[in-house]
>>> print(open('entry03.cif').read())   # mmCIF, C-alpha atoms and all ligand atoms
data_coords
loop_
_atom_site.label_atom_id
_atom_site.label_comp_id
_atom_site.auth_asym_id
_atom_site.auth_seq_id
_atom_site.Cartn_x
_atom_site.Cartn_y
_atom_site.Cartn_z
CA MET A 28 -7.99 164.19 233.41
CA ASN A 29 -7.86 163.20 237.05
CA VAL A 30 -10.54 160.49 236.79
CA LEU A 31 -8.91 158.84 233.79
CA SER A 32 -5.48 158.56 235.44
CA ARG A 33 -7.08 156.88 238.47
CA PHE A 34 -8.80 154.36 236.23
CA LEU A 35 -5.61 153.79 234.25
CA TYR A 36 -3.67 153.05 237.43
CA LEU A 37 -6.15 150.29 238.29
CA PHE A 38 -6.30 148.96 234.71
CA MET A 39 -2.50 148.63 234.65
CA SER A 40 -2.11 147.28 238.16
CA LEU A 41 -4.82 144.65 238.30
CA PRO A 42 -4.42 141.75 235.85
CA ILE A 43 -8.09 140.81 236.08
CA VAL A 44 -10.99 140.72 233.66
CA VAL A 45 -13.24 143.73 234.17
CA PRO A 46 -16.85 142.72 233.31
CA ASN A 47 -18.54 144.67 230.52
CA SER A 48 -21.36 145.67 232.90
CA TYR A 49 -18.85 147.79 234.86
CA PHE A 50 -18.02 149.85 231.78
CA VAL A 51 -21.71 150.29 230.99
CA THR A 52 -22.35 151.54 234.53
CA TRP A 53 -19.40 153.94 234.47
CA ASP A 54 -20.45 155.32 231.07
CA LYS A 55 -23.97 155.93 232.41
CA LEU A 56 -22.61 157.74 235.47
CA ILE A 57 -20.39 160.00 233.37
CA SER A 58 -23.20 160.70 230.89
CA ARG A 59 -25.57 161.60 233.73
CA PHE A 60 -22.95 164.00 235.11
CA ILE A 61 -22.37 165.68 231.71
CA TRP A 62 -26.03 166.24 230.93
CA GLY A 63 -27.04 167.06 234.52
CA GLY A 64 -29.51 164.18 234.64
CA LYS A 65 -31.39 165.47 231.55
CA LYS A 66 -31.88 163.60 228.30
CA PRO A 67 -28.59 163.60 226.31
CA ARG A 68 -28.70 165.71 223.16
CA ILE A 69 -25.71 163.99 221.57
CA LYS A 70 -24.92 160.29 221.76
CA TYR A 71 -22.26 159.27 224.27
CA LYS A 72 -20.40 157.35 221.57
CA THR A 73 -20.25 160.49 219.40
CA LEU A 74 -18.74 162.46 222.32
CA GLN A 75 -16.06 159.76 222.59
CA LEU A 76 -14.91 160.29 218.99
CA ASP A 77 -11.83 162.43 218.48
CA LYS A 78 -12.37 166.09 217.61
CA GLU A 79 -11.54 165.54 213.93
CA HIS A 80 -14.43 163.10 213.63
CA GLY A 81 -16.94 165.39 215.36
CA GLY A 82 -16.56 164.21 218.95
CA LEU A 83 -15.10 165.83 222.07
CA ALA A 84 -12.50 163.09 222.74
CA LEU A 85 -14.32 161.89 225.86
CA PRO A 86 -12.35 158.86 227.17
CA ASN A 87 -13.64 155.43 226.24
CA LEU A 88 -12.83 153.55 229.46
CA LYS A 89 -13.25 150.11 227.93
CA GLN A 90 -10.72 150.86 225.21
CA TYR A 91 -8.34 152.42 227.73
CA TYR A 92 -8.60 149.14 229.67
CA TYR A 93 -7.75 147.16 226.52
CA ALA A 94 -4.87 149.53 225.72
CA ALA A 95 -3.48 149.14 229.27
CA GLN A 96 -3.55 145.35 228.90
CA LEU A 97 -2.10 145.41 225.37
CA LYS A 98 0.87 147.43 226.60
CA TYR A 99 2.45 144.22 227.89
CA ILE A 100 2.42 142.74 224.39
CA ALA A 101 4.33 145.81 223.16
CA CYS A 102 6.77 145.31 226.09
CA TRP A 103 7.14 141.69 225.03
CA CYS A 104 8.13 142.84 221.55
CA ALA A 105 10.54 145.58 222.70
CA PRO A 106 14.14 144.31 222.99
CA GLU A 107 15.09 146.92 225.61
CA ILE A 108 12.54 145.60 228.11
CA LYS A 109 14.29 142.88 230.13
CA ALA A 110 12.20 140.57 232.30
CA GLN A 111 12.38 136.95 233.33
CA TRP A 112 8.86 136.24 232.11
CA LYS A 113 9.98 137.17 228.58
CA GLN A 114 12.62 134.44 228.55
CA ILE A 115 10.06 131.88 229.75
CA GLU A 116 7.70 132.92 226.94
CA MET A 117 10.51 132.79 224.36
CA ASN A 118 11.31 129.22 225.28
CA LEU A 119 7.77 128.25 224.34
CA GLY A 120 6.36 128.31 220.82
CA ALA A 121 7.66 126.91 217.54
CA CYS A 122 11.25 126.36 218.74
CA ARG A 123 10.04 123.77 221.25
CA THR A 124 8.78 121.40 218.57
CA ASP A 125 11.44 122.14 215.94
CA PRO A 126 14.98 122.93 217.13
CA ALA A 127 15.75 124.68 213.83
CA PHE A 128 13.49 127.52 214.89
CA ALA A 129 15.55 127.83 218.08
CA ARG A 130 18.53 128.63 215.82
CA TRP A 131 16.45 131.33 214.13
CA ARG A 132 15.55 132.78 217.51
CA ASP A 133 19.23 132.93 218.49
CA LYS A 134 19.96 134.79 215.25
CA GLY A 135 17.36 137.42 216.15
CA LEU A 136 14.43 136.15 214.05
CA THR A 137 11.86 136.25 216.81
CA ALA A 138 8.83 137.73 215.09
CA LEU A 139 6.98 137.45 211.81
CA CYS A 140 7.26 141.19 211.16
CA LEU A 141 11.04 140.80 210.89
CA PHE A 142 10.50 138.67 207.76
CA LEU A 143 8.35 141.32 206.09
CA GLU A 144 8.98 144.16 203.70
CA ARG A 145 5.94 146.20 202.61
CA ASP A 146 3.62 143.44 203.85
CA GLU A 147 5.38 140.77 201.75
CA ILE A 148 7.77 138.06 202.96
CA LYS A 149 11.34 138.98 202.01
CA SER A 150 13.19 136.71 199.61
CA PHE A 151 15.19 133.84 201.06
CA GLU A 152 18.41 135.34 199.67
CA LYS A 153 17.74 138.60 201.47
CA LEU A 154 16.99 136.87 204.77
CA LYS A 155 20.14 134.77 204.36
CA SER A 156 22.29 137.85 204.11
CA GLU A 157 20.45 139.78 206.86
CA PHE A 158 20.24 137.01 209.48
CA ASN A 159 22.97 134.68 208.37
CA LEU A 160 20.58 131.81 207.53
CA GLU A 161 21.83 128.64 205.87
CA ASN A 162 20.67 126.70 202.82
CA ARG A 163 19.13 124.04 205.05
CA ASP A 164 16.70 126.71 206.34
CA LEU A 165 14.99 126.96 202.94
CA PHE A 166 12.26 124.40 203.70
CA ARG A 167 11.26 126.15 206.92
CA TYR A 168 11.32 129.48 205.07
CA LEU A 169 8.84 128.04 202.53
CA GLN A 170 6.66 126.73 205.38
CA LEU A 171 6.62 130.13 207.01
CA ARG A 172 5.89 131.97 203.75
CA HIS A 173 2.96 129.63 203.04
CA PHE A 174 1.60 130.13 206.56
CA TYR A 175 1.83 133.92 206.24
CA ASN A 176 0.23 134.10 202.79
CA SER A 177 -2.62 131.70 203.59
CA ASN A 178 -3.39 132.53 207.23
CA VAL A 179 -2.13 135.96 208.19
CA LYS A 180 -1.98 138.32 205.22
CA GLN A 181 -5.69 138.47 204.37
CA GLY A 182 -6.58 139.05 208.02
CA ILE A 183 -4.74 142.38 208.10
CA THR A 184 -7.28 145.12 207.41
CA LEU A 185 -6.52 148.74 206.69
CA LYS A 186 -8.27 149.75 209.92
CA GLY A 187 -6.27 147.28 212.00
CA LYS A 188 -2.97 148.25 210.48
CA GLY A 189 -2.39 151.17 212.87
CA LEU A 190 -2.53 148.84 215.84
CA ILE A 191 -0.27 146.22 214.21
CA THR A 192 2.28 148.92 213.36
CA ILE A 193 2.65 149.78 217.06
CA PHE A 194 3.65 146.19 217.84
CA THR A 195 5.95 145.79 214.86
CA GLU A 196 7.69 149.10 215.66
CA SER A 197 8.15 147.86 219.23
CA TYR A 198 10.65 145.30 217.89
CA ARG A 199 12.97 148.26 217.27
CA HIS A 200 12.10 150.17 220.46
CA LEU A 201 9.10 150.65 222.71
CA PRO A 202 7.23 153.75 221.49
CA ASN A 203 6.65 156.67 223.83
CA LYS A 204 3.17 157.02 225.29
CA THR A 205 2.42 153.39 224.43
CA ILE A 206 -1.02 153.29 226.05
CA SER A 207 -2.08 156.49 224.34
CA ARG A 208 -0.94 155.15 220.93
CA LEU A 209 -2.65 151.81 221.50
CA TYR A 210 -5.82 153.65 222.53
CA LYS A 211 -5.75 155.66 219.28
CA GLY A 212 -5.13 152.43 217.33
CA LEU A 213 -8.18 150.84 218.95
CA GLN A 214 -10.26 153.95 218.31
CA SER A 215 -9.34 153.93 214.63
CA GLN A 216 -11.15 150.60 214.36
CA ASN A 217 -14.40 152.05 215.70
CA ASP A 218 -17.33 153.01 213.56
CA ASN A 219 -16.83 156.77 213.28
CA SER A 220 -20.09 157.52 211.50
CA VAL A 221 -22.14 160.31 213.00
CA SER A 222 -25.89 160.63 212.50
CA ALA A 223 -25.57 164.44 212.09
CA LYS A 224 -23.66 163.93 208.82
CA SER A 225 -26.46 161.95 207.14
CA LYS A 226 -29.07 164.40 208.45
CA TRP A 227 -27.26 167.37 206.89
CA GLU A 228 -26.96 165.42 203.61
CA LYS A 229 -30.68 164.76 203.58
CA GLU A 230 -31.81 168.26 204.57
CA LEU A 231 -29.43 170.20 202.31
CA ASN A 232 -29.53 167.62 199.48
CA ILE A 233 -25.74 167.32 199.42
CA LYS A 234 -23.23 164.48 199.60
CA LEU A 235 -20.49 164.62 202.24
CA SER A 236 -17.66 162.10 202.03
CA GLU A 237 -15.88 160.88 205.16
CA SER A 238 -13.00 163.14 204.21
CA ASP A 239 -15.37 166.15 203.86
CA TRP A 240 -16.79 165.47 207.31
CA HIS A 241 -13.28 165.18 208.71
CA ASP A 242 -12.33 168.52 207.07
CA LEU A 243 -15.34 170.44 208.30
CA CYS A 244 -14.89 169.13 211.87
CA LYS A 245 -11.28 170.27 211.69
CA THR A 246 -12.34 173.71 210.40
CA GLN A 247 -14.57 174.16 213.46
CA GLN A 248 -11.60 173.40 215.73
CA THR A 249 -8.96 175.45 213.93
CA SER A 250 -10.72 178.52 212.52
CA THR A 251 -10.88 180.39 215.84
CA ARG A 252 -8.99 180.47 219.12
CA SER A 253 -12.13 181.31 221.05
CA GLY A 254 -13.32 178.31 223.04
CA ARG A 255 -16.82 179.77 223.04
CA TRP A 256 -17.03 180.00 219.22
CA LYS A 257 -15.43 176.58 218.81
CA GLU A 258 -18.13 175.15 221.04
CA PHE A 259 -20.85 177.01 219.12
CA GLY A 260 -19.54 175.78 215.75
CA TRP A 261 -19.39 172.24 217.08
CA LYS A 262 -22.96 172.50 218.38
CA ILE A 263 -24.14 173.64 214.95
CA ILE A 264 -22.55 170.81 212.98
CA LEU A 265 -23.48 168.16 215.56
CA ARG A 266 -27.07 169.52 215.61
CA PHE A 267 -27.09 170.14 219.35
CA PHE A 268 -29.92 172.66 219.42
CA ILE A 269 -33.57 171.74 219.97
CA THR A 270 -35.25 173.06 216.84
CA PRO A 271 -39.01 173.63 216.50
CA GLN A 272 -39.17 170.31 214.60
CA ILE A 273 -37.68 168.44 217.59
CA ALA A 274 -39.82 170.43 220.07
CA THR A 275 -42.93 169.50 218.05
CA LYS A 276 -42.08 165.82 218.37
CA GLN A 277 -41.31 166.14 222.07
CA GLN A 278 -44.39 168.17 223.02
CA GLY A 279 -46.89 166.89 220.48
CA LYS A 280 -47.99 170.33 219.25
CA PRO A 281 -46.71 172.38 216.28
CA LYS A 282 -43.92 174.83 217.01
CA TYR A 283 -43.02 177.85 214.88
CA CYS A 284 -39.64 179.05 213.65
CA TRP A 285 -37.68 180.96 216.33
CA ARG A 286 -37.24 183.83 213.89
CA GLN A 287 -41.02 184.25 213.49
CA CYS A 288 -41.10 183.72 209.74
CA GLY A 289 -44.26 181.64 210.16
CA HIS A 290 -42.63 178.33 209.19
CA VAL A 291 -43.90 175.35 211.19
CA ASN A 292 -41.64 172.48 212.31
CA ALA A 293 -38.44 174.25 211.21
CA ASN A 294 -35.43 171.94 211.13
CA HIS A 295 -31.72 172.78 211.57
CA SER A 296 -31.24 173.77 207.93
CA HIS A 297 -34.15 176.17 208.09
CA ILE A 298 -33.12 177.71 211.42
CA PHE A 299 -29.52 178.36 210.38
CA TRP A 300 -29.67 178.76 206.59
CA LEU A 301 -32.97 178.58 204.71
CA CYS A 302 -35.14 180.89 206.84
CA ASP A 303 -36.29 184.02 204.94
CA LYS A 304 -35.40 186.18 207.94
CA LEU A 305 -31.77 185.09 207.60
CA ARG A 306 -31.41 186.04 203.93
CA ILE A 307 -30.21 189.60 204.65
CA PHE A 308 -27.79 188.35 207.31
CA TRP A 309 -26.14 185.74 205.08
CA ASP A 310 -26.03 188.14 202.09
CA SER A 311 -24.19 190.72 204.20
CA VAL A 312 -21.77 188.08 205.53
CA ILE A 313 -20.98 186.89 202.00
CA LYS A 314 -20.60 190.46 200.70
CA THR A 315 -18.21 191.38 203.54
CA ILE A 316 -16.05 188.27 202.99
CA GLU A 317 -16.00 188.86 199.23
CA GLY A 318 -14.91 192.45 199.86
CA ILE A 319 -12.02 191.26 202.02
CA MET A 320 -10.98 188.30 199.88
CA GLY A 321 -11.52 189.99 196.53
CA TYR A 322 -13.37 187.21 194.73
CA ILE A 323 -16.89 185.87 194.49
CA ILE A 324 -17.81 183.02 196.78
CA PRO A 325 -20.87 180.91 195.91
CA LYS A 326 -23.73 181.11 198.40
CA ASP A 327 -23.38 177.51 199.47
CA PRO A 328 -24.38 176.18 202.92
CA GLN A 329 -21.50 173.69 202.77
CA ILE A 330 -19.08 176.64 202.82
CA PHE A 331 -20.82 179.18 205.04
CA LEU A 332 -22.79 177.00 207.42
CA LEU A 333 -20.66 173.87 207.69
CA GLY A 334 -17.26 175.42 206.95
CA LEU A 335 -16.32 172.99 204.18
CA LEU A 336 -13.93 174.64 201.73
CA PRO A 337 -13.13 173.25 198.25
CA LYS A 338 -10.02 171.07 198.40
CA ASP A 339 -8.23 171.35 195.06
CA SER A 340 -7.15 174.47 193.27
CA SER A 341 -9.05 173.59 190.08
CA SER A 342 -12.23 173.62 192.11
CA LEU A 343 -11.20 176.99 193.54
CA HIS A 344 -10.91 178.42 190.02
CA VAL A 345 -14.35 177.15 189.10
CA ARG A 346 -16.09 178.17 192.28
CA PHE A 347 -14.29 181.35 193.25
CA VAL A 348 -14.60 183.45 190.10
CA PRO A 349 -12.43 186.63 190.29
CA THR A 350 -14.35 189.88 190.31
CA PRO A 351 -13.51 192.45 187.58
CA HIS A 352 -12.32 195.12 190.05
CA ARG A 353 -9.74 192.86 191.72
CA PRO A 354 -8.61 189.74 189.85
CA LEU A 355 -7.04 186.83 191.76
CA THR A 356 -3.67 187.36 190.09
CA SER A 357 -3.18 190.91 191.39
ZN ZN B 1 -37.83 180.75 209.73
#
>>> encode(input="entry03.cif", output="structure tokens")
Amino acid sequence: MNVLSRFLYLFMSLPIVVPNSYFVTWDKLISRFIWGGKKPRIKYKTLQLDKEHGGLALPNLKQYYYAAQLKYIACWCAPEIKAQWKQIEMNLGACRTDPAFARWRDKGLTALCLFLERDEIKSFEKLKSEFNLENRDLFRYLQLRHFYNSNVKQGITLKGKGLITIFTESYRHLPNKTISRLYKGLQSQNDNSVSAKSKWEKELNIKLSESDWHDLCKTQQTSTRSGRWKEFGWKIILRFFITPQIATKQQGKPKYCWRQCGHVNANHSHIFWLCDKLRIFWDSVIKTIEGIMGYIIPKDPQIFLLGLLPKDSSSLHVRFVPTPHRPLTS
């Protein structure tokens, strides 16, 4: 995206603090452009989520700014990046107050992640053989292990692990597309909940796990190559359309179902699944698919409306019962 690359150039070139109000203003300008000055139908933060979480991967400028700044920490970690400022930084820190740590630095022990194996500090014997430590280093090893277990370990959350991994991997080599990876790491720490998910749960009286939501968003993106149908599927699951229920709230007078079934204040579930006028349509869709696939598929809005397929094979056996004329095994 042309706009994003221009912003990124500035974020990387200018080592200054960009006030939060700037990001708010830029987000408002972009939102106004997307919706043509009209009231947004989907939250800006939802649009910024990646496609597998129900968004459209709209760039989050603030997080791109953070990622651009964090890149220098990854460069600091990467051994192949040579710069004078790195040497100045290395001469600071623990080795200044305790010369023994300077010996560790010279042996290549420059970061805590080098002491770790599956999030645990390696044994002293193992470190001795790997980095040629001496017996007199045992006390400092115990100090470091205590510091890690009491101050660092519990602060590492599952969400933050993706970001930490980028820095620890940088000690081997700087990863490609560092800013993009850091941006994804920052995004993984965001709250990815979408209001549409809880509204579908309430209307259809179902329970969708985070993984279910992830799967059905993915289905919308991968089940067709047509951009038009992808967009339509996305609009359905994100509840883009202004239903009679929403129009009633907006205009203050009761609105009837689009399909003229006589239902007042029809919501998304009614419009796309429950409406009596749709019964023949959905029955014919199900019958056609069953004819092609050769087994019975339950008339379930999670499958046909939201595109959520059963995950495990045992569930498939229970839910997709083979028809007598063409069993599954044939
Ligand atoms: Zn209706």
>>> residues_near_ligand(input="entry03.cif", ligand="ligand ZN 1 (chain B)", cutoff="12 Å", atoms="only C-alpha atoms and all ligand atoms", output="VMD selection string")
chain A and resid 270 to 272 282 to 306
>>> atom_distance(input="entry03.cif", atom1="atom CA of Ala274 of chain A", atom2="atom CA of Arg68 of chain A")
12.5 Å
>>> closest_atom_pairs(input="entry03.cif", of="segment 259-314 of chain A", to="segment 222-232 of chain A", cutoff="8 Å", atoms="only C-alpha atoms", output="tab-separated table")
residue	atom	partner	partner_atom	distance
A:Ile264	CA	A:Ala223	CA	7.1
A:Leu265	CA	A:Ala223	CA	5.5
A:Arg266	CA	A:Ala223	CA	6.4
A:Ser296	CA	A:Glu230	CA	6.5
>>> closest_atom_pairs(input="entry03.cif", of="segment 199-218 of chain A", to="segment 91-106 of chain A", cutoff="6 Å", atoms="only C-alpha atoms", output="tab-separated table")
residue	atom	partner	partner_atom	distance
A:His200	CA	A:Ala105	CA	5.3
A:Leu201	CA	A:Ala105	CA	5.3
A:Ile206	CA	A:Ala94	CA	5.4
A:Leu209	CA	A:Ala94	CA	5.3
A:Tyr210	CA	A:Ala94	CA	5.3
>>> residues_around(input="entry03.cif", residues="segment 144-161 of chain A", least_positions_apart="4", cutoff="9 Å", atoms="only C-alpha atoms", output="ChimeraX atom specification")
/A:131,134-136,139-140,165,168-169,171-172,175-176,180
>>> residues_around(input="entry03.cif", residues="segment 74-81 of chain A", least_positions_apart="3", cutoff="8 Å", atoms="only C-alpha atoms", output="PyMOL selection string")
chain A and resi 69-71+84-87+214+219+221+240-242+244-245+248+261+265
>>> atom_distance(input="entry03.cif", atom1="atom CA of Leu141 of chain A", atom2="atom CA of Thr195 of chain A")
8.2 Å
>>> closest_residue(input="entry03.cif", among="A:Gly260, A:Leu336, A:Lys89, A:Val30", to="Pro46 of chain A", atoms="only C-alpha atoms")
A:Lys89
>>> atom_distance(input="entry03.cif", atom1="atom CA of Ile193 of chain A", atom2="atom CA of Thr205 of chain A")
8.2 Å
>>> closest_residue(input="entry03.cif", among="A:Lys204, A:Ser238, A:Glu258, A:Lys188", to="Pro337 of chain A", atoms="all atoms listed in the file")
A:Ser238
>>> closest_residue(input="entry03.cif", among="A:Thr251, A:Ile43, A:Asp164, A:Leu143", to="Val179 of chain A", atoms="only C-alpha atoms")
A:Leu143
>>> closest_residue(input="entry03.cif", among="A:Ile108, A:Ser215, A:Trp256, A:Ser32", to="Pro202 of chain A", atoms="all atoms listed in the file")
A:Ile108
